[in-house]
$ cat my_file-v1.csv   # CSV, C-alpha atoms
chain,number,residue,atom,x,y,z
A,1,MET,CA,32.9,-29.8,-30.4
A,2,THR,CA,32.0,-28.6,-33.9
A,3,ASP,CA,31.7,-25.0,-34.9
A,4,LEU,CA,27.9,-25.5,-35.2
A,5,GLU,CA,27.7,-26.7,-31.6
A,6,SER,CA,29.8,-23.9,-30.2
A,7,ASP,CA,27.7,-21.4,-32.2
A,8,LEU,CA,24.5,-23.0,-30.8
A,9,ARG,CA,25.9,-22.4,-27.3
A,10,ARG,CA,27.3,-18.9,-28.0
A,11,LEU,CA,24.1,-17.7,-29.8
A,12,SER,CA,21.6,-19.3,-27.4
A,13,PRO,CA,19.1,-16.9,-25.8
A,14,GLU,CA,20.6,-14.6,-23.2
A,15,PRO,CA,19.2,-14.7,-19.7
A,16,GLU,CA,16.7,-11.9,-19.2
A,17,LEU,CA,18.4,-8.9,-17.7
A,18,GLY,CA,15.4,-7.5,-16.0
A,19,ASP,CA,12.7,-9.3,-14.1
A,20,LEU,CA,11.1,-12.4,-15.5
A,21,PRO,CA,7.3,-12.4,-15.8
A,22,ASP,CA,5.8,-12.1,-12.4
A,23,LEU,CA,4.0,-15.3,-11.4
A,24,SER,CA,2.4,-14.3,-8.1
A,25,GLN,CA,-0.5,-12.3,-9.6
A,26,ALA,CA,-1.6,-15.2,-11.9
A,27,ALA,CA,-1.0,-17.7,-9.1
A,28,ALA,CA,-3.2,-15.8,-6.7
A,29,ALA,CA,-5.9,-15.4,-9.4
A,30,ALA,CA,-5.8,-19.2,-10.0
A,31,GLY,CA,-6.1,-19.8,-6.2
A,32,LEU,CA,-2.6,-21.4,-6.1
A,33,LEU,CA,-0.8,-18.8,-3.9
A,34,ASP,CA,-1.0,-20.7,-0.6
A,35,VAL,CA,1.7,-18.8,1.1
A,36,ALA,CA,2.8,-15.3,-0.1
A,37,TYR,CA,5.9,-13.7,1.5
A,38,ALA,CA,8.1,-10.7,1.4
A,39,THR,CA,10.9,-9.3,3.4
A,40,LEU,CA,10.8,-5.7,4.7
A,41,ASP,CA,12.9,-3.4,6.8
A,42,SER,CA,11.9,-2.3,10.3
A,43,PRO,CA,13.4,-0.6,13.3
A,44,LEU,CA,14.0,-4.1,14.6
A,45,GLY,CA,15.9,-5.2,11.6
A,46,PRO,CA,14.8,-7.1,8.5
A,47,LEU,CA,11.5,-9.0,8.8
A,48,LEU,CA,10.0,-11.8,6.7
A,49,VAL,CA,6.2,-11.6,6.6
A,50,ALA,CA,4.1,-14.4,5.2
A,51,THR,CA,0.3,-14.6,4.6
A,52,THR,CA,-2.1,-17.2,3.5
A,53,PRO,CA,-5.6,-16.5,2.1
A,54,ARG,CA,-6.8,-16.8,5.7
A,55,GLY,CA,-4.4,-14.2,7.1
A,56,LEU,CA,-1.0,-13.4,8.5
A,57,VAL,CA,0.7,-16.8,9.2
A,58,ARG,CA,4.4,-15.9,10.0
A,59,LEU,CA,6.5,-13.0,10.9
A,60,ALA,CA,10.2,-13.7,11.5
A,61,TYR,CA,13.2,-11.7,12.5
A,62,ILE,CA,15.6,-12.8,9.8
A,63,ASP,CA,18.6,-11.3,11.5
A,64,TYR,CA,17.9,-14.0,14.0
A,65,ALA,CA,16.2,-16.8,12.2
A,66,ASP,CA,17.5,-18.1,8.9
A,67,GLU,CA,15.3,-17.0,6.1
A,68,ASP,CA,15.6,-20.4,4.2
A,69,ALA,CA,14.7,-22.3,7.4
A,70,VAL,CA,11.6,-20.1,7.8
A,71,LEU,CA,10.5,-20.8,4.2
A,72,GLU,CA,11.1,-24.5,4.8
A,73,GLN,CA,8.9,-24.4,7.9
A,74,LEU,CA,6.1,-22.8,5.9
A,75,ALA,CA,6.5,-25.4,3.1
A,76,THR,CA,6.4,-28.3,5.5
A,77,HIS,CA,3.7,-27.2,7.8
A,78,VAL,CA,1.4,-24.9,5.7
A,79,SER,CA,1.9,-25.7,2.0
A,80,PRO,CA,4.8,-26.1,-0.4
A,81,ARG,CA,3.2,-23.5,-2.7
A,82,VAL,CA,5.3,-20.7,-1.2
A,83,LEU,CA,6.0,-17.7,-3.4
A,84,ALA,CA,7.6,-14.3,-3.0
A,85,ALA,CA,4.8,-11.8,-3.7
A,86,PRO,CA,5.8,-8.4,-2.4
A,87,ARG,CA,2.5,-6.8,-3.5
A,88,LYS,CA,0.5,-9.3,-1.6
A,89,LEU,CA,2.1,-8.0,1.6
A,90,ASP,CA,1.3,-4.3,1.2
A,91,GLU,CA,-1.3,-4.3,4.0
A,92,PRO,CA,0.9,-5.9,6.6
A,93,ARG,CA,3.7,-3.6,5.6
A,94,ARG,CA,1.5,-0.5,6.0
A,95,GLU,CA,0.2,-1.6,9.4
A,96,LEU,CA,3.7,-2.4,10.7
A,97,ASP,CA,5.0,0.9,9.5
A,98,GLU,CA,2.2,2.7,11.3
A,99,TYR,CA,2.8,0.7,14.5
A,100,PHE,CA,6.5,1.5,14.6
A,101,ALA,CA,5.7,5.1,14.0
A,102,GLY,CA,3.4,5.1,17.0
A,103,ARG,CA,0.3,5.7,14.9
A,104,ARG,CA,-1.3,2.3,15.3
A,105,GLU,CA,-2.3,0.5,18.5
A,106,ARG,CA,-4.1,-2.4,17.1
A,107,PHE,CA,-3.5,-4.6,14.0
A,108,ASP,CA,-6.5,-5.1,11.8
A,109,LEU,CA,-4.8,-8.0,9.9
A,110,PRO,CA,-6.5,-11.3,10.3
A,111,VAL,CA,-4.3,-14.0,11.8
A,112,ASP,CA,-3.9,-17.6,10.4
A,113,TRP,CA,-3.0,-19.8,13.4
A,114,ALA,CA,-1.8,-22.7,11.2
A,115,LEU,CA,1.6,-22.9,12.7
A,116,THR,CA,0.3,-23.2,16.2
A,117,ARG,CA,-1.6,-26.0,18.0
A,118,GLY,CA,-3.0,-27.1,21.4
A,119,PHE,CA,-1.9,-25.4,24.5
A,120,ALA,CA,0.6,-23.1,22.7
A,121,ARG,CA,-2.2,-21.9,20.4
A,122,ARG,CA,-4.4,-21.1,23.4
A,123,VAL,CA,-1.6,-19.2,25.1
A,124,LEU,CA,-1.0,-17.2,21.9
A,125,GLN,CA,-4.6,-16.5,21.3
A,126,ALA,CA,-4.9,-15.2,24.9
A,127,THR,CA,-1.8,-13.1,24.3
A,128,ALA,CA,-3.4,-11.6,21.2
A,129,LYS,CA,-6.0,-10.0,23.4
A,130,ILE,CA,-3.6,-8.0,25.7
A,131,PRO,CA,-4.1,-4.4,24.8
A,132,TYR,CA,-1.4,-2.0,23.6
A,133,GLY,CA,0.7,-0.6,26.4
A,134,ALA,CA,-0.5,-3.2,28.9
A,135,THR,CA,1.5,-6.2,30.1
A,136,ALA,CA,0.7,-9.6,31.7
A,137,THR,CA,2.7,-12.4,33.3
A,138,TYR,CA,3.6,-15.9,32.1
A,139,LYS,CA,1.6,-17.3,35.0
A,140,GLN,CA,-1.5,-15.3,33.9
A,141,MET,CA,-1.2,-16.5,30.4
A,142,ALA,CA,-0.8,-20.1,31.5
A,143,ALA,CA,-4.0,-19.7,33.6
A,144,GLN,CA,-5.9,-18.2,30.7
A,145,ALA,CA,-4.9,-21.1,28.5
A,146,GLY,CA,-6.4,-23.5,31.1
A,147,SER,CA,-3.3,-24.7,33.0
A,148,PRO,CA,-2.5,-22.2,35.9
A,149,ARG,CA,0.7,-24.1,36.9
A,150,ALA,CA,2.1,-24.4,33.4
A,151,SER,CA,3.9,-21.0,33.3
A,152,ARG,CA,7.1,-22.6,32.0
A,153,ALA,CA,5.2,-24.2,29.1
A,154,ALA,CA,3.5,-20.9,28.5
A,155,GLY,CA,7.0,-19.4,28.3
A,156,ASN,CA,8.0,-22.0,25.7
A,157,ALA,CA,4.8,-21.3,23.7
A,158,LEU,CA,5.5,-17.6,23.7
A,159,GLY,CA,9.1,-18.2,22.7
A,160,SER,CA,8.0,-20.1,19.6
A,161,ASN,CA,5.4,-17.5,18.7
A,162,PRO,CA,5.2,-17.6,14.9
A,163,ILE,CA,3.8,-14.1,14.6
A,164,PRO,CA,5.7,-11.8,17.0
A,165,ILE,CA,4.8,-8.1,17.2
A,166,VAL,CA,1.3,-8.7,15.9
A,167,VAL,CA,0.7,-11.4,18.5
A,168,PRO,CA,2.3,-9.3,21.2
A,169,CYS,CA,4.4,-11.8,23.2
A,170,HIS,CA,6.6,-8.9,24.1
A,171,ARG,CA,3.9,-7.8,26.6
A,172,ILE,CA,4.4,-10.8,28.7
A,173,LEU,CA,6.8,-10.2,31.7
A,174,HIS,CA,8.0,-12.1,34.8
A,175,SER,CA,5.8,-11.9,37.8
A,176,GLY,CA,8.5,-9.9,39.7
A,177,GLY,CA,8.6,-7.3,36.9
A,178,GLY,CA,11.6,-8.8,35.1
A,179,LEU,CA,11.6,-8.7,31.3
A,180,GLY,CA,11.7,-12.4,30.9
A,181,GLY,CA,13.0,-13.7,27.5
A,182,TYR,CA,12.5,-12.9,23.9
A,183,THR,CA,13.1,-14.9,20.8
A,184,GLY,CA,15.2,-12.6,18.6
A,185,GLY,CA,16.9,-10.9,21.6
A,186,LEU,CA,15.8,-8.8,24.6
A,187,GLU,CA,16.8,-5.6,22.9
A,188,LYS,CA,13.8,-6.1,20.5
A,189,LYS,CA,11.5,-6.6,23.5
A,190,ARG,CA,12.7,-3.4,25.1
A,191,LEU,CA,12.2,-1.5,21.9
A,192,LEU,CA,8.7,-2.8,21.3
A,193,LEU,CA,7.7,-2.0,24.9
A,194,GLY,CA,9.3,1.4,24.4
A,195,VAL,CA,7.2,2.0,21.2
A,196,GLU,CA,4.1,1.3,23.3
A,197,GLY,CA,5.2,3.8,26.0
A,198,TYR,CA,6.1,1.2,28.6
A,199,SER,CA,9.3,2.2,30.4
A,200,THR,CA,11.7,-0.7,30.8
A,201,LEU,CA,14.4,1.5,32.3
A,202,LYS,CA,13.5,0.8,35.9
A,203,GLN,CA,13.2,-2.9,35.3
A,204,PRO,CA,16.1,-5.2,36.4
B,1,MET,CA,6.9,-36.1,1.0
B,2,ARG,CA,9.1,-33.1,2.0
B,3,LEU,CA,9.1,-30.5,-0.8
B,4,PRO,CA,11.2,-27.4,-0.8
B,5,PRO,CA,9.4,-24.0,-0.9
B,6,PHE,CA,8.2,-23.5,-4.5
B,7,GLN,CA,10.1,-20.2,-4.7
B,8,THR,CA,13.4,-22.0,-4.5
B,9,LEU,CA,12.6,-23.9,-7.8
B,10,LEU,CA,11.7,-20.6,-9.4
B,11,ASP,CA,14.9,-19.0,-8.2
B,12,ALA,CA,17.1,-21.9,-9.2
B,13,HIS,CA,15.6,-22.7,-12.6
B,14,GLY,CA,13.5,-19.7,-13.7
B,15,ARG,CA,16.1,-18.1,-16.0
B,16,ASP,CA,17.1,-21.4,-17.7
B,17,VAL,CA,13.4,-22.3,-18.3
B,18,HIS,CA,12.8,-18.9,-19.8
B,19,ARG,CA,15.9,-19.3,-22.1
B,20,PHE,CA,14.7,-22.7,-23.1
B,21,LEU,CA,11.3,-21.3,-24.0
B,22,VAL,CA,12.8,-18.4,-26.0
B,23,ALA,CA,14.8,-20.9,-27.9
B,24,SER,CA,11.7,-23.2,-28.4
B,25,VAL,CA,8.9,-20.8,-29.3
B,26,GLY,CA,10.6,-17.4,-29.8
B,27,ARG,CA,10.8,-14.3,-27.7
B,28,ILE,CA,7.3,-13.1,-28.2
B,29,ASP,CA,5.5,-16.2,-27.0
B,30,ALA,CA,8.1,-17.2,-24.4
B,31,ASP,CA,6.5,-15.1,-21.6
B,32,ASP,CA,3.1,-16.7,-22.0
B,33,CYS,CA,4.6,-20.2,-22.1
B,34,TYR,CA,6.7,-19.3,-19.1
B,35,GLN,CA,3.7,-18.3,-17.1
B,36,GLU,CA,1.7,-21.4,-18.2
B,37,THR,CA,4.7,-23.6,-17.3
B,38,TRP,CA,5.1,-22.3,-13.8
B,39,LEU,CA,1.4,-22.2,-13.1
B,40,ALA,CA,0.9,-25.8,-14.2
B,41,ALA,CA,3.9,-26.8,-12.0
B,42,LEU,CA,2.6,-24.9,-9.1
B,43,ARG,CA,-0.8,-26.6,-9.5
B,44,ALA,CA,0.7,-30.1,-9.5
B,45,TYR,CA,3.5,-29.4,-7.0
B,46,PRO,CA,1.9,-30.6,-3.7
B,47,ARG,CA,1.1,-33.9,-5.3
B,48,LEU,CA,4.6,-34.5,-6.6
B,49,LYS,CA,5.8,-38.1,-5.7
B,50,ASP,CA,9.5,-37.7,-6.4
B,51,ALA,CA,11.4,-34.6,-5.5
B,52,SER,CA,14.8,-36.0,-6.3
B,53,ASN,CA,15.1,-34.2,-9.7
B,54,LEU,CA,13.1,-31.0,-9.7
B,55,ARG,CA,15.0,-29.5,-12.6
B,56,SER,CA,14.1,-32.3,-15.0
B,57,TRP,CA,10.5,-32.1,-13.7
B,58,ILE,CA,10.1,-28.4,-14.4
B,59,PHE,CA,11.7,-28.9,-17.9
B,60,THR,CA,9.2,-31.7,-18.5
B,61,VAL,CA,6.4,-29.3,-17.8
B,62,ALA,CA,8.0,-26.6,-20.0
B,63,HIS,CA,8.4,-29.2,-22.8
B,64,ARG,CA,4.6,-30.0,-22.6
B,65,LYS,CA,3.7,-26.3,-22.8
B,66,VAL,CA,5.9,-26.0,-25.9
B,67,LEU,CA,4.0,-28.9,-27.5
B,68,ASP,CA,0.7,-27.3,-26.5
B,69,HIS,CA,1.9,-24.1,-28.0
B,70,VAL,CA,2.9,-25.7,-31.3
B,71,ARG,CA,-0.4,-27.5,-31.6
B,72,ALA,CA,-2.4,-24.3,-30.9
B,73,ARG,CA,-0.4,-22.5,-33.5
B,74,ARG,CA,-1.1,-25.2,-36.0
B,75,ARG,CA,-4.9,-24.9,-35.3
B,76,VAL,CA,-5.0,-21.2,-35.9
B,77,ALA,CA,-2.6,-21.3,-38.8
B,78,VAL,CA,-3.9,-19.4,-41.8
B,79,PRO,CA,-3.6,-21.4,-45.1
B,80,VAL,CA,-1.0,-19.9,-47.3
B,81,GLY,CA,-1.0,-19.9,-51.1
B,82,GLU,CA,2.6,-21.0,-51.4
B,83,VAL,CA,4.1,-24.2,-50.3
B,84,PRO,CA,5.9,-23.4,-47.0
B,85,GLU,CA,9.6,-24.0,-47.1
B,86,THR,CA,10.0,-25.0,-43.4
B,87,ALA,CA,9.3,-28.2,-41.6
B,88,THR,CA,6.6,-26.9,-39.3
B,89,GLY,CA,4.8,-25.1,-42.0
B,90,ARG,CA,5.5,-21.6,-40.7
B,91,ALA,CA,8.3,-19.1,-40.9
B,92,ASP,CA,8.4,-16.6,-38.0
B,93,PRO,CA,9.0,-13.0,-38.9
B,94,PRO,CA,12.4,-11.9,-37.6
B,95,GLU,CA,12.1,-10.9,-34.0
B,96,PRO,CA,14.1,-8.2,-32.1
B,97,GLY,CA,17.3,-9.7,-30.8
B,98,ASP,CA,16.8,-12.8,-32.8
B,99,ASP,CA,19.5,-14.4,-34.8
B,100,GLY,CA,19.5,-16.7,-37.8
B,101,LEU,CA,20.7,-19.8,-36.2
B,102,TRP,CA,18.1,-20.2,-33.5
B,103,ALA,CA,15.4,-19.0,-35.8
B,104,ARG,CA,16.4,-22.0,-37.9
B,105,VAL,CA,16.2,-24.2,-34.8
B,106,ARG,CA,12.6,-23.2,-34.3
B,107,ASP,CA,11.8,-24.5,-37.7
B,108,LEU,CA,13.1,-28.0,-36.9
B,109,PRO,CA,10.5,-30.8,-36.1
B,110,PRO,CA,9.4,-30.3,-32.5
B,111,LYS,CA,11.3,-33.3,-31.0
B,112,GLN,CA,14.6,-32.2,-32.6
B,113,ARG,CA,14.1,-28.6,-31.6
B,114,THR,CA,13.4,-29.5,-28.0
B,115,ALA,CA,16.3,-31.9,-27.8
B,116,LEU,CA,18.6,-29.2,-29.2
B,117,ALA,CA,17.3,-26.5,-26.8
B,118,LEU,CA,17.7,-28.8,-23.8
B,119,ARG,CA,21.3,-29.7,-24.9
B,120,TYR,CA,22.6,-26.3,-25.9
B,121,VAL,CA,20.5,-23.9,-23.8
B,122,ALA,CA,19.9,-25.8,-20.6
B,123,ASP,CA,23.1,-27.8,-20.9
B,124,ALA,CA,21.3,-31.0,-20.3
B,125,GLY,CA,22.9,-34.4,-20.8
B,126,TYR,CA,21.3,-37.2,-22.8
B,127,GLU,CA,19.9,-38.9,-19.7
B,128,GLU,CA,18.1,-35.7,-18.7
B,129,ILE,CA,16.9,-35.0,-22.3
B,130,SER,CA,15.4,-38.5,-22.4
B,131,SER,CA,13.8,-38.1,-19.0
B,132,VAL,CA,12.3,-34.7,-19.9
B,133,MET,CA,11.0,-35.9,-23.3
B,134,GLY,CA,10.0,-39.3,-22.2
B,135,THR,CA,12.1,-41.2,-24.7
B,136,SER,CA,15.1,-43.5,-24.5
B,137,GLU,CA,18.6,-42.1,-24.2
B,138,ASP,CA,19.3,-43.4,-27.7
B,139,ALA,CA,16.3,-41.5,-29.1
B,140,ALA,CA,17.5,-38.4,-27.3
B,141,ARG,CA,20.9,-38.8,-28.9
B,142,ARG,CA,19.3,-39.4,-32.3
B,143,ASN,CA,17.2,-36.3,-32.1
B,144,VAL,CA,20.2,-34.1,-31.3
B,145,HIS,CA,22.2,-35.8,-34.1
B,146,GLU,CA,19.4,-35.4,-36.7
B,147,ALA,CA,18.9,-31.8,-35.7
B,148,LEU,CA,22.6,-31.0,-36.1
B,149,LYS,CA,22.7,-32.8,-39.4
B,150,ARG,CA,19.8,-30.8,-40.7
B,151,LEU,CA,21.2,-27.5,-39.5
B,152,ARG,CA,24.6,-28.2,-41.0
B,153,MET,CA,23.0,-28.6,-44.4
B,154,GLU,CA,21.5,-25.2,-44.2
B,155,TYR,CA,23.8,-23.2,-41.9
B,156,ARG,CA,26.7,-21.1,-43.0
B,157,PRO,CA,28.2,-19.2,-40.1
$ encode --input "my_file-v1.csv" --output "structure tokens"
Amino acid sequence: MTDLESDLRRLSPEPELGDLPDLSQAAAAAGLLDVAYATLDSPLGPLLVATTPRGLVRLAYIDYADEDAVLEQLATHVSPRVLAAPRKLDEPRRELDEYFAGRRERFDLPVDWALTRGFARRVLQATAKIPYGATATYKQMAAQAGSPRASRAAGNALGSNPIPIVVPCHRILHSGGGLGGYTGGLEKKRLLLGVEGYSTLKQP
Amino acid sequence: MRLPPFQTLLDAHGRDVHRFLVASVGRIDADDCYQETWLAALRAYPRLKDASNLRSWIFTVAHRKVLDHVRARRRVAVPVGEVPETATGRADPPEPGDDGLWARVRDLPPKQRTALALRYVADAGYEEISSVMGTSEDAARRNVHEALKRLRMEYRP
């Protein structure tokens, strides 16, 4: 390599040390921000929160689910125009903070059901109506979704809930009073029920 | 067509694209070109037919924005009394953090400048340069060669 060539490499523009120009504002203004996401901390560990122009589309426990896999899922099933846009997630962040602090019993965020379909969507939409502090059974949710005998399928639907916490699948318990399952770990389910004042200590 | 989340492209290539644009249009205009490049890419992204070389694709978009930028600069160029000494008819004022060598590069004819920036800023091979610029590999080689020749005549380290 000649001196000139090595000088061209050596003197080429340095990478920016700070942040590069933020794209998300301009993308949103141009109507191109199909999925905006951010990660945030919570008492349940780190969360990934994603919204579309229609509403909250995904909330994931990223100590449990792989962040890249969650973004791939959004790219494949919602839109590949997925961008990190922390400022777009201010409202979900605020509502979640208030919820965990015990100062919010109902989320005002609109929900985008794009990642759900069919029976699972009906189960989750029925789940969204269970009030704070109350619980229901898998069997009841199956019945509300139109298939009273499909409690196992209802359990699967709840286990793949794309928007936990906000669509409160943690409020669904076994008929006998057992906690049932929780994607992300039963500890999280206990903590969420605890936030809502439901004592799980006596439960088996 | 399975496309990765757009953010992964931005994370992987954002800094290199920005450096390429600084080399091509200067530090002051690089941010605007950067924004325009990524917005154009974001707009076209869901319709992309081939996701096998996203790096070349994003540099192709950046290259087009550089050409747009050069054309726009020409249109608004104010006539000068003296005959310009540089190939593009303009000499940029020195910019903060700028250096003589790359300022000279910006005064090369657009194709040579882009080929050089791809080669020495983005570390592109001739195949990638030809794909980004839509030329043959020979033409890519020639552009780099001509640029080096021209710089060598003027450049004293």
$ closest_residue --input "my_file-v1.csv" --among "A:Ser42, A:Ser79, A:Asn156, A:Thr52" --to "chain B" --atoms "only C-alpha atoms"
A:Ser79
$ closest_residue --input "my_file-v1.csv" --among "B:Gln7, B:Glu127, B:His69, B:Leu116" --to "B:Asp29" --atoms "all atoms listed in the file"
B:His69
$ closest_residue --input "my_file-v1.csv" --among "A:Arg103, A:Arg58, A:Lys189, A:Arg171" --to "A:Val35" --atoms "all atoms listed in the file"
A:Arg58
$ interface_residues --input "my_file-v1.csv" --of "chain B" --to "chain A" --cutoff "10 Å" --atoms "all atoms listed in the file" --output "NGL selection string"
:B and (1-8 or 10 or 14-23 or 26-27 or 30-32 or 34-36 or 38-47 or 97-102 or 105 or 116-117 or 119-123 or 148-149 or 151-152 or 155-157)
$ closest_residue --input "my_file-v1.csv" --among "B:Ala72, B:Val66, B:Ala124, B:Ala103" --to "B:Ala140" --atoms "all atoms listed in the file"
B:Ala124
$ residues_around --input "my_file-v1.csv" --residues "A:Lys139" --least-positions-apart "5" --cutoff "8 Å" --atoms "only C-alpha atoms" --output "JSON, numbers by chain"
{"A": [148, 149, 150, 151, 154, 175]}
$ write_last_selection --input "my_file-v1.csv" --atoms "C-alpha atoms" --output "PDB file, in the coordinates of the input"
ATOM      1  CA  PRO A 148      -2.500 -22.200  35.900  1.00  0.00           C
ATOM      2  CA  ARG A 149       0.700 -24.100  36.900  1.00  0.00           C
ATOM      3  CA  ALA A 150       2.100 -24.400  33.400  1.00  0.00           C
ATOM      4  CA  SER A 151       3.900 -21.000  33.300  1.00  0.00           C
ATOM      5  CA  ALA A 154       3.500 -20.900  28.500  1.00  0.00           C
ATOM      6  CA  SER A 175       5.800 -11.900  37.800  1.00  0.00           C
TER       7      SER A 175
END
$ atom_distance --input "my_file-v1.csv" --atom1 "atom CA of A:Leu173" --atom2 "atom CA of A:Thr137"
4.9 Å
$ atom_distance --input "my_file-v1.csv" --atom1 "atom CA of A:Ala50" --atom2 "atom CA of A:Leu89"
7.6 Å
$ atom_distance --input "my_file-v1.csv" --atom1 "atom CA of A:Thr127" --atom2 "atom CA of A:Gln144"
9.2 Å
$ residues_around --input "my_file-v1.csv" --residues "A:Glu95" --least-positions-apart "4" --cutoff "7 Å" --atoms "all atoms listed in the file" --output "PDB file with C-alpha atoms, in the frame of the given file"
ATOM      1  CA  GLU A  91      -1.300  -4.300   4.000  1.00  0.00           C
ATOM      2  CA  TYR A  99       2.800   0.700  14.500  1.00  0.00           C
ATOM      3  CA  PHE A 107      -3.500  -4.600  14.000  1.00  0.00           C
TER       4      PHE A 107
END
$ residues_around --input "my_file-v1.csv" --residues "A:Leu124" --least-positions-apart "4" --cutoff "7 Å" --atoms "only C-alpha atoms" --output "list in words"
Ala120, Ala128, Leu158 and Val167 of chain A
$ residues_around --input "my_file-v1.csv" --residues "B:Lys111" --least-positions-apart "6" --cutoff "9 Å" --atoms "only C-alpha atoms" --output "ChimeraX atom specification"
/B:133,140,143-144
$ residues_around --input "my_file-v1.csv" --residues "B:Gly134" --least-positions-apart "6" --cutoff "12 Å" --atoms "all atoms listed in the file" --output "number ranges by chain"
B: 56-57, 59-61, 63-64, 111, 114-115, 126-128, 140
$ closest_residue --input "my_file-v1.csv" --among "A:Ala28, A:Val123, A:Leu191, A:Ala142" --to "A:Cys169" --atoms "all atoms listed in the file"
A:Val123
$ decode --input "my_file-v1.csv" --residues "stretch 136-155 of chain B" --atoms "N, CA and C atoms" --output "compact mmCIF listing (two decimals), in the first residue's frame"
# COMPACT_ATOMS: atom_id res chain seq x y z
N SER B 136 -19.35 -1.47 -13.66
CA SER B 136 -18.60 -2.72 -13.71
C SER B 136 -17.47 -2.66 -12.68
N GLU B 137 -16.92 -3.82 -12.40
CA GLU B 137 -15.82 -3.86 -11.46
C GLU B 137 -14.60 -3.12 -12.02
N ASP B 138 -14.42 -3.23 -13.32
CA ASP B 138 -13.32 -2.51 -13.97
C ASP B 138 -13.46 -1.01 -13.79
N ALA B 139 -14.68 -0.53 -13.98
CA ALA B 139 -14.92 0.90 -13.83
C ALA B 139 -14.65 1.34 -12.39
N ALA B 140 -15.02 0.47 -11.43
CA ALA B 140 -14.77 0.79 -10.02
C ALA B 140 -13.26 0.92 -9.78
N ARG B 141 -12.53 -0.04 -10.31
CA ARG B 141 -11.08 -0.02 -10.20
C ARG B 141 -10.49 1.26 -10.81
N ARG B 142 -11.02 1.60 -12.00
CA ARG B 142 -10.52 2.77 -12.72
C ARG B 142 -10.79 4.05 -11.93
N ASN B 143 -12.01 4.14 -11.36
CA ASN B 143 -12.35 5.33 -10.59
C ASN B 143 -11.40 5.53 -9.41
N VAL B 144 -11.12 4.44 -8.70
CA VAL B 144 -10.20 4.54 -7.56
C VAL B 144 -8.81 4.93 -8.06
N HIS B 145 -8.39 4.28 -9.14
CA HIS B 145 -7.05 4.52 -9.68
C HIS B 145 -6.89 5.98 -10.12
N GLU B 146 -7.88 6.47 -10.87
CA GLU B 146 -7.83 7.85 -11.35
C GLU B 146 -7.80 8.83 -10.18
N ALA B 147 -8.59 8.53 -9.16
CA ALA B 147 -8.66 9.42 -8.00
C ALA B 147 -7.30 9.48 -7.31
N LEU B 148 -6.69 8.30 -7.14
CA LEU B 148 -5.38 8.26 -6.48
C LEU B 148 -4.35 9.04 -7.30
N LYS B 149 -4.44 8.86 -8.62
CA LYS B 149 -3.48 9.53 -9.50
C LYS B 149 -3.60 11.05 -9.36
N ARG B 150 -4.85 11.50 -9.39
CA ARG B 150 -5.08 12.93 -9.29
C ARG B 150 -4.62 13.49 -7.94
N LEU B 151 -4.93 12.75 -6.89
CA LEU B 151 -4.52 13.21 -5.56
C LEU B 151 -2.99 13.25 -5.44
N ARG B 152 -2.35 12.25 -6.01
CA ARG B 152 -0.90 12.16 -5.90
C ARG B 152 -0.22 13.38 -6.53
N MET B 153 -0.84 13.89 -7.61
CA MET B 153 -0.27 15.06 -8.27
C MET B 153 -0.30 16.29 -7.36
N GLU B 154 -1.32 16.31 -6.48
CA GLU B 154 -1.52 17.53 -5.68
C GLU B 154 -1.07 17.38 -4.24
N TYR B 155 -0.98 16.13 -3.80
CA TYR B 155 -0.85 15.90 -2.37
C TYR B 155 0.60 15.77 -1.94
